[in-house]
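Structure below is run-v3.cif: mmCIF, C-alpha atoms.
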data_target
loop_
_atom_site.label_atom_id
_atom_site.label_comp_id
_atom_site.auth_asym_id
_atom_site.auth_seq_id
_atom_site.Cartn_x
_atom_site.Cartn_y
_atom_site.Cartn_z
CA ILE V 1041 0.00 0.00 0.00
CA PRO V 1042 1.50 3.40 -0.96
CA LYS V 1043 2.47 5.52 2.05
CA GLU V 1044 0.34 8.43 0.87
CA LEU V 1045 -2.81 6.30 1.29
CA ILE V 1046 -2.13 5.40 4.94
CA PRO V 1047 -3.52 8.61 6.58
CA ALA V 1048 -6.80 8.21 4.68
CA MET V 1049 -6.92 4.52 5.63
CA ARG V 1050 -6.48 5.35 9.32
CA LYS V 1051 -9.25 7.94 9.14
CA ALA V 1052 -11.58 5.51 7.34
CA PHE V 1053 -10.95 2.82 9.97
CA SER V 1054 -11.52 5.30 12.80
CA ASN V 1055 -14.76 6.55 11.23
CA LEU V 1056 -16.08 2.99 10.88
CA CYS V 1057 -15.36 2.29 14.56
CA THR V 1058 -18.13 4.79 15.37
CA SER V 1059 -20.37 4.42 12.27
CA PRO V 1060 -22.59 1.54 11.14
CA SER V 1061 -21.41 1.66 7.51
CA GLY V 1062 -18.85 3.26 5.25
CA VAL V 1063 -15.78 2.80 3.06
CA LEU V 1064 -12.83 1.04 4.71
CA PHE V 1065 -10.41 1.30 1.77
CA GLU V 1066 -10.39 2.76 -1.74
CA ASN V 1067 -7.91 3.23 -4.55
CA SER V 1068 -8.13 3.19 -8.36
CA LEU V 1069 -8.63 -0.61 -8.42
CA LEU V 1070 -10.72 -1.54 -5.40
CA GLN V 1071 -13.28 -0.19 -2.96
CA VAL V 1072 -13.90 -2.06 0.30
CA GLY V 1073 -17.15 -1.17 2.04
CA VAL V 1074 -18.34 -2.33 5.46
CA LYS V 1075 -21.75 -2.51 7.11
CA HIS V 1076 -21.86 -3.80 10.68
CA GLU V 1077 -24.39 -4.14 13.50
CA TYR V 1078 -24.25 -5.57 17.02
CA VAL V 1079 -26.59 -6.78 19.75
CA GLY V 1080 -24.97 -7.56 23.09
CA ALA V 1081 -22.00 -9.88 22.53
CA GLN V 1082 -22.89 -10.72 18.91
CA GLY V 1083 -22.23 -8.93 15.66
CA ARG V 1084 -22.93 -9.18 11.94
CA ILE V 1085 -20.33 -7.67 9.58
CA SER V 1086 -20.90 -7.45 5.82
CA VAL V 1087 -17.89 -6.59 3.66
CA PHE V 1088 -18.16 -5.62 -0.03
CA PHE V 1089 -15.19 -5.72 -2.41
CA GLY V 1090 -15.98 -3.60 -5.47
CA ASN V 1091 -13.85 -3.75 -8.62
CA LEU V 1092 -13.22 -0.17 -9.83
CA HIS V 1093 -10.70 -1.27 -12.48
CA SER V 1094 -11.39 -1.33 -16.23
CA SER V 1095 -10.84 -5.10 -16.32
CA ALA V 1096 -11.35 -8.12 -14.06
CA LEU V 1097 -9.40 -8.81 -10.84
CA HIS V 1098 -8.19 -12.43 -10.73
CA HIS V 1099 -7.17 -14.83 -7.94
CA PHE V 1100 -9.06 -12.55 -5.55
CA LYS V 1101 -8.75 -13.89 -2.00
CA VAL V 1102 -9.49 -12.64 1.52
CA LYS V 1103 -7.96 -14.03 4.70
CA VAL V 1104 -9.46 -12.92 8.04
CA ASP V 1105 -7.61 -13.44 11.32
CA GLN V 1106 -9.64 -15.41 13.88
CA PRO V 1107 -8.31 -14.53 17.36
CA ASP V 1108 -9.14 -16.61 20.43
CA HIS V 1109 -11.47 -13.97 21.90
CA LEU V 1110 -13.80 -14.01 18.88
CA ARG V 1111 -16.00 -16.88 17.73
CA MET V 1112 -16.44 -16.41 13.99
CA GLN V 1113 -18.53 -17.88 11.20
CA MET V 1114 -17.81 -16.69 7.68
CA GLN V 1115 -19.37 -17.15 4.28
CA GLY V 1116 -18.85 -15.33 1.03
CA THR V 1117 -18.58 -15.37 -2.74
CA GLN V 1118 -17.40 -18.80 -3.92
CA ASP V 1119 -13.60 -19.24 -3.56
CA LEU V 1120 -13.23 -15.79 -1.96
CA LEU V 1121 -12.19 -17.02 1.49
CA ASP V 1122 -8.64 -18.17 2.13
CA ASP V 1123 -8.96 -20.37 5.21
CA GLY V 1124 -5.39 -21.68 5.03
CA GLU V 1125 -6.53 -25.30 4.80
CA TYR V 1126 -5.98 -25.63 1.07
CA ASP V 1127 -4.40 -23.52 -1.67
CA SER V 1128 -7.42 -21.68 -3.02
CA ALA V 1129 -7.12 -20.15 -6.47
CA GLY V 1130 -9.41 -17.35 -5.39
CA CYS V 1131 -12.33 -15.91 -7.33
CA THR V 1132 -12.61 -13.51 -10.26
CA VAL V 1133 -14.27 -10.15 -9.67
CA ALA V 1134 -15.48 -8.72 -12.96
CA THR V 1135 -15.24 -4.99 -13.58
CA LYS V 1136 -17.96 -2.93 -11.86
CA THR V 1137 -19.08 -5.92 -9.77
CA GLN V 1138 -18.58 -6.98 -6.13
CA ALA V 1139 -17.44 -9.96 -4.13
CA LYS V 1140 -19.14 -10.25 -0.73
CA LEU V 1141 -18.18 -11.53 2.72
CA LEU V 1142 -20.44 -12.06 5.73
CA VAL V 1143 -18.90 -12.48 9.19
CA LEU V 1144 -20.97 -13.53 12.20
CA VAL V 1145 -19.10 -12.98 15.44
CA GLU V 1146 -19.46 -13.46 19.19
CA VAL V 1147 -16.96 -11.95 21.63
CA THR V 1148 -15.84 -14.14 24.56
CA ALA V 1149 -13.27 -11.95 26.36
CA PRO V 1150 -11.99 -8.34 26.51
CA PHE V 1151 -9.59 -7.36 23.72
CA ASP V 1152 -7.77 -4.26 22.48
CA ASP V 1153 -6.88 -5.02 18.86
CA ALA V 1154 -8.96 -5.33 15.70
CA PRO V 1155 -8.66 -8.53 13.61
CA SER V 1156 -6.61 -8.34 10.44
CA MET V 1157 -8.07 -8.87 6.97
CA ARG V 1158 -5.63 -9.45 4.10
CA ILE V 1159 -6.80 -8.99 0.51
CA SER V 1160 -4.79 -10.28 -2.45
CA PHE V 1161 -5.43 -10.35 -6.20
CA GLU V 1162 -3.89 -9.93 -9.64
CA THR V 1163 -4.88 -7.58 -12.45
CA GLU V 1164 -5.15 -8.77 -16.05
CA GLU V 1165 -1.84 -6.97 -16.65
CA GLY V 1166 -0.23 -9.42 -14.20
CA GLU V 1167 0.28 -6.95 -11.35
CA ARG V 1168 0.06 -8.57 -7.92
CA HIS V 1169 -1.61 -6.64 -5.10
CA ASP V 1170 -1.63 -7.44 -1.39
CA TYR V 1171 -3.51 -5.19 1.06
CA PRO V 1172 -3.22 -5.73 4.84
CA LEU V 1173 -6.30 -4.13 6.40
CA ARG V 1174 -8.14 -4.39 9.71
CA LEU V 1175 -11.84 -4.97 10.27
CA PRO V 1176 -13.42 -2.18 12.38
CA LEU V 1177 -14.31 -4.79 15.00
CA VAL V 1178 -13.36 -3.15 18.31
CA ALA V 1179 -14.35 -3.50 21.96
CA THR V 1180 -16.83 -0.60 21.89
CA CYS V 1181 -18.91 -2.49 19.30
CA PHE V 1182 -20.03 -4.74 22.15
CA MET V 1183 -21.02 -2.02 24.64
CA GLU V 1184 -24.48 -1.47 26.04
CA PRO V 1185 -25.19 1.98 27.54
CA VAL V 1186 -25.75 2.43 31.27
CA ASN V 1187 -27.36 5.58 32.66
CA LEU V 1188 -26.15 6.59 36.14
CA ASP V 1189 -27.04 9.59 38.26
CA PRO V 1190 -24.09 11.78 39.37
CA GLY V 1191 -23.79 10.21 42.83
CA ALA V 1192 -23.80 6.64 41.53
CA PHE V 1193 -21.29 7.49 38.81
CA MET V 1194 -18.78 9.06 41.22
CA GLN V 1195 -19.19 6.21 43.71
CA ARG V 1196 -18.32 3.66 41.02
CA TRP V 1197 -15.55 5.89 39.65
CA LYS V 1198 -13.81 6.03 43.02
CA SER V 1199 -14.23 2.28 43.55
CA LEU V 1200 -12.31 1.62 40.33
CA GLU V 1201 -9.12 3.49 41.30
CA GLY V 1202 -5.87 1.63 40.66
CA PRO V 1203 -3.11 1.30 38.04
CA ASP V 1204 -4.50 -1.92 36.52
CA ARG V 1205 -7.97 -0.43 36.15
CA GLU V 1206 -7.27 3.03 34.74
CA CYS V 1207 -5.98 4.15 31.36
CA GLN V 1208 -5.40 7.81 30.53
CA GLU V 1209 -4.41 9.73 27.41
CA VAL V 1210 -4.01 13.42 26.56
CA MET V 1211 -4.75 14.49 22.99
CA LYS V 1212 -4.73 17.78 21.10
CA ILE V 1213 -7.51 18.70 18.71
CA PRO V 1214 -6.53 19.17 15.02
CA PRO V 1215 -4.66 22.45 14.39
CA ASN V 1216 -7.20 23.55 11.76
CA SER V 1217 -10.07 23.22 14.25
CA SER V 1218 -11.97 26.30 15.41
CA GLY V 1219 -11.31 25.45 19.06
CA ILE V 1220 -13.20 23.81 21.92
CA ASP V 1221 -16.55 25.40 22.76
CA GLU V 1222 -19.81 24.05 24.16
CA ALA V 1223 -20.95 22.95 20.68
CA TYR V 1224 -17.71 20.95 20.37
CA MET V 1225 -18.46 19.27 23.72
CA ASP V 1226 -21.95 18.38 22.45
CA ARG V 1227 -20.28 16.62 19.49
CA VAL V 1228 -18.01 14.74 21.91
CA ALA V 1229 -21.07 13.58 23.86
CA LYS V 1230 -22.78 12.50 20.61
CA ILE V 1231 -19.74 10.37 19.62
CA LEU V 1232 -19.70 8.83 23.11
CA VAL V 1233 -23.41 7.95 22.93
CA ASP V 1234 -24.02 7.17 19.24
CA GLY V 1235 -20.57 5.95 18.24
CA LEU V 1236 -19.12 4.26 21.34
CA LYS V 1237 -22.49 3.19 22.78
CA PHE V 1238 -22.02 4.69 26.26
CA GLY V 1239 -24.76 6.17 28.39
CA TRP V 1240 -24.18 9.91 28.93
CA CYS V 1241 -24.11 10.57 32.68
CA GLN V 1242 -25.04 14.23 32.84
CA GLU V 1243 -24.42 16.74 35.66
CA VAL V 1244 -21.56 14.69 37.14
CA ASP V 1245 -19.52 17.93 37.06
CA PRO V 1246 -20.71 21.55 37.41
CA THR V 1247 -18.65 22.47 34.32
CA PRO V 1248 -19.57 22.11 30.62
CA TRP V 1249 -16.01 20.98 29.86
CA THR V 1250 -16.38 17.38 31.06
CA VAL V 1251 -18.38 14.52 29.54
CA SER V 1252 -18.87 11.34 31.58
CA GLY V 1253 -20.22 8.01 30.37
CA ALA V 1254 -20.97 4.46 31.51
CA ALA V 1255 -21.46 1.18 29.65
CA THR V 1256 -21.30 -2.59 30.01
CA PHE V 1257 -18.98 -4.64 27.80
CA ARG V 1258 -20.95 -7.77 26.90
CA THR V 1259 -19.39 -11.19 26.24
CA GLY V 1260 -20.80 -14.59 25.32
CA ALA V 1261 -18.59 -16.36 27.87
CA LYS V 1262 -20.21 -17.94 30.94
CA ASP V 1263 -19.15 -17.94 34.59
CA ALA V 1264 -19.38 -20.96 36.93
CA ASN V 1265 -23.09 -20.26 37.49
CA GLY V 1266 -23.89 -20.11 33.78
CA ASN V 1267 -24.27 -16.32 33.66
CA ASN V 1268 -22.71 -14.22 30.92
CA ILE V 1269 -19.45 -12.51 31.91
CA ASN V 1270 -19.72 -8.73 31.50
CA VAL V 1271 -17.44 -5.81 32.40
CA GLY V 1272 -18.62 -2.41 33.67
CA CYS V 1273 -16.88 0.53 31.97
CA LEU V 1274 -16.62 4.23 32.86
CA VAL V 1275 -15.09 7.09 30.88
CA ARG V 1276 -14.46 10.79 31.50
CA VAL V 1277 -13.51 13.25 28.75
CA GLU V 1278 -12.15 16.49 30.25
CA ALA V 1279 -11.47 19.47 28.01
CA ASN V 1280 -8.92 22.25 28.44
CA PRO V 1281 -10.20 24.90 26.00
CA LYS V 1282 -7.17 27.18 26.49
CA ALA V 1283 -4.76 24.39 25.53
CA ASN V 1284 -7.10 22.96 22.83
CA ALA V 1285 -6.63 19.56 24.45
CA PHE V 1286 -8.57 16.71 26.04
CA ARG V 1287 -7.70 14.29 28.81
CA ILE V 1288 -9.52 10.98 28.37
CA THR V 1289 -9.63 8.62 31.36
CA THR V 1290 -11.18 5.16 31.34
CA ARG V 1291 -11.74 2.89 34.34
CA THR V 1292 -12.89 -0.74 34.26
CA LEU V 1293 -12.23 -3.93 36.20
CA HIS V 1294 -10.25 -5.33 33.26
CA PRO V 1295 -6.99 -3.69 31.98
CA LEU V 1296 -7.70 -4.63 28.34
CA CYS V 1297 -11.12 -2.97 28.49
CA SER V 1298 -9.64 0.24 29.89
CA LYS V 1299 -6.97 0.28 27.18
CA ALA V 1300 -9.37 -0.59 24.36
CA ILE V 1301 -11.81 2.24 25.11
#
Represent the structure from my file as structure tokens, please.
Amino acid sequence: IPKELIPAMRKAFSNLCTSPSGVLFENSLLQVGVKHEYVGAQGRISVFFGNLHSSALHHFKVKVDQPDHLRMQMQGTQDLLDDGEYDSAGCTVATKTQAKLLVLVEVTAPFDDAPSMRISFETEEGERHDYPLRLPLVATCFMEPVNLDPGAFMQRWKSLEGPDRECQEVMKIPPNSSGIDEAYMDRVAKILVDGLKFGWCQEVDPTPWTVSGAATFRTGAKDANGNNINVGCLVRVEANPKANAFRITTRTLHPLCSKAI
């Protein structure tokens, strides 16, 4: 993949982590689109591989990583999937048509990395292409919002103090941004609620420059009593308008959950 495409790829991946559909990758040959939806610990991810080239793409194959924390079932266009068990010749994607992949997934444990998806094919001119991508399958896909009043939020926040439970990061807003104002904070709250699937816990602070949220990370794993194992998650986004910066703090009972959020 050319270096000049990487910033756009990172932005596309980030956008899909908080959006139900969009373009994951695009160049002059190929467009990869994703549509994904989740209920509790389960998800359904549809991936579309569109041929933008003037001729067919041959030996088209897709290999998806299957980590231990995800139970996956996959089906797609005939000969599209490279499962590693036999040397598949791949499929042919005619110009202006699509190959399709459907992934059904259930998460069984906290995780902080998205599964890889490698696409390979050849053009009719004999050029070989190999694209290492990642599916926008991240921990916040499996969140369910929790609404807490200010007292309950702060009580839980204090109970989750500790180095193995907290993760913190400071980030600057883009230099071309107009700055942090109350409308900007409303957009932050909207991303937290609509994109990351947290409940917005309002009035936790007497200042408009902090957004607090709570959610439950759902898994399909069972405990000794047969109940699903879930992880409570809290987040605080604190703005410093003068410095054009945010401090994001997450607290959960599981270090990987804190890091992932």
Compare V:Thr1259, V:Ser1059, V:Gln1082, V:Thr1117 by their minimum atom-to-atom distance to Pro1176 (chain V), counting all atoms listed in the file, and give me the closest one.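 Looking at the shortest contact to Pro1176 (chain V), the residue is V:Ser1059.
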Where does the PyMOL selection byres ((chain V and resi 1074) around 12) land in this file, that is, which residues does it pick, as a PyMOL selection string? chain V and resi 1052-1053+1055-1057+1059-1066+1071-1073+1075-1077+1084-1090+1140-1143+1174-1177
Can you tell me which residues surround Pro1155 (chain V) at a distance of at most 10 Å, considering all atoms listed in the file, apart from same-chain residues fewer than 2 positions away, and format the answer as a list of chain:residue names?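 Neighbouring residues, sequence-local ones excluded: V:Val1104, V:Asp1105, V:Gln1106, V:Pro1107, V:Leu1110, V:Asp1152, V:Asp1153, V:Met1157, V:Leu1173, V:Arg1174, V:Leu1175, V:Pro1176, V:Leu1177, V:Val1178.
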Option closest in space to Glu1165 (chain V), from V:Leu1045, V:Ala1300, V:Val1145, V:Ala1096 [counting all atoms listed in the file]: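 Closest to Glu1165 (chain V), using all atoms listed in the file: V:Ala1096.
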Apply the PyMOL selection byres ((chain V and resi 1191-1206) around 9) to the structure shown and report the selected residues as JSON, numbers by chain. {"V": [1187, 1188, 1189, 1190, 1207, 1208, 1241, 1244, 1252, 1253, 1254, 1274, 1275, 1289, 1290, 1291, 1292, 1293, 1294, 1295, 1296, 1297, 1298, 1299]}
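When you apply the PyMOL selection byres ((chain V and resi 1279) around 9) to this structure, what comes back is Ile1220, Met1225, Pro1248, Trp1249, Thr1250, Val1251, Val1277, Glu1278, Asn1280, Pro1281, Lys1282, Ala1283, Asn1284, Ala1285, Phe1286, Arg1287 and Ile1288 of chain V.
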Let's have the selection written as a tab-separated table (two decimals), in the frame of the given file, with C-alpha atoms.
chain	number	residue	atom	x	y	z
V	1220	ILE	CA	-13.20	23.81	21.92
V	1225	MET	CA	-18.46	19.27	23.72
V	1248	PRO	CA	-19.57	22.11	30.62
V	1249	TRP	CA	-16.01	20.98	29.86
V	1250	THR	CA	-16.38	17.38	31.06
V	1251	VAL	CA	-18.38	14.52	29.54
V	1277	VAL	CA	-13.51	13.25	28.75
V	1278	GLU	CA	-12.15	16.49	30.25
V	1280	ASN	CA	-8.92	22.25	28.44
V	1281	PRO	CA	-10.20	24.90	26.00
V	1282	LYS	CA	-7.17	27.18	26.49
V	1283	ALA	CA	-4.76	24.39	25.53
V	1284	ASN	CA	-7.10	22.96	22.83
V	1285	ALA	CA	-6.63	19.56	24.45
V	1286	PHE	CA	-8.57	16.71	26.04
V	1287	ARG	CA	-7.70	14.29	28.81
V	1288	ILE	CA	-9.52	10.98	28.37
Give me, please, the distance in Å between CA of Ser1156 (chain V) and CA of Thr1132 (chain V), quoted to one decimal.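 Interatomic distance here is 22.2 Å.
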From the set V:Thr1163, V:Gln1113, V:Thr1148, V:Thr1058, which residue has the shortest atom-to-atom contact distance to Val1133 (chain V), counting only C-alpha atoms?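 Distance minimum relative to Val1133 (chain V) lands on V:Thr1163.
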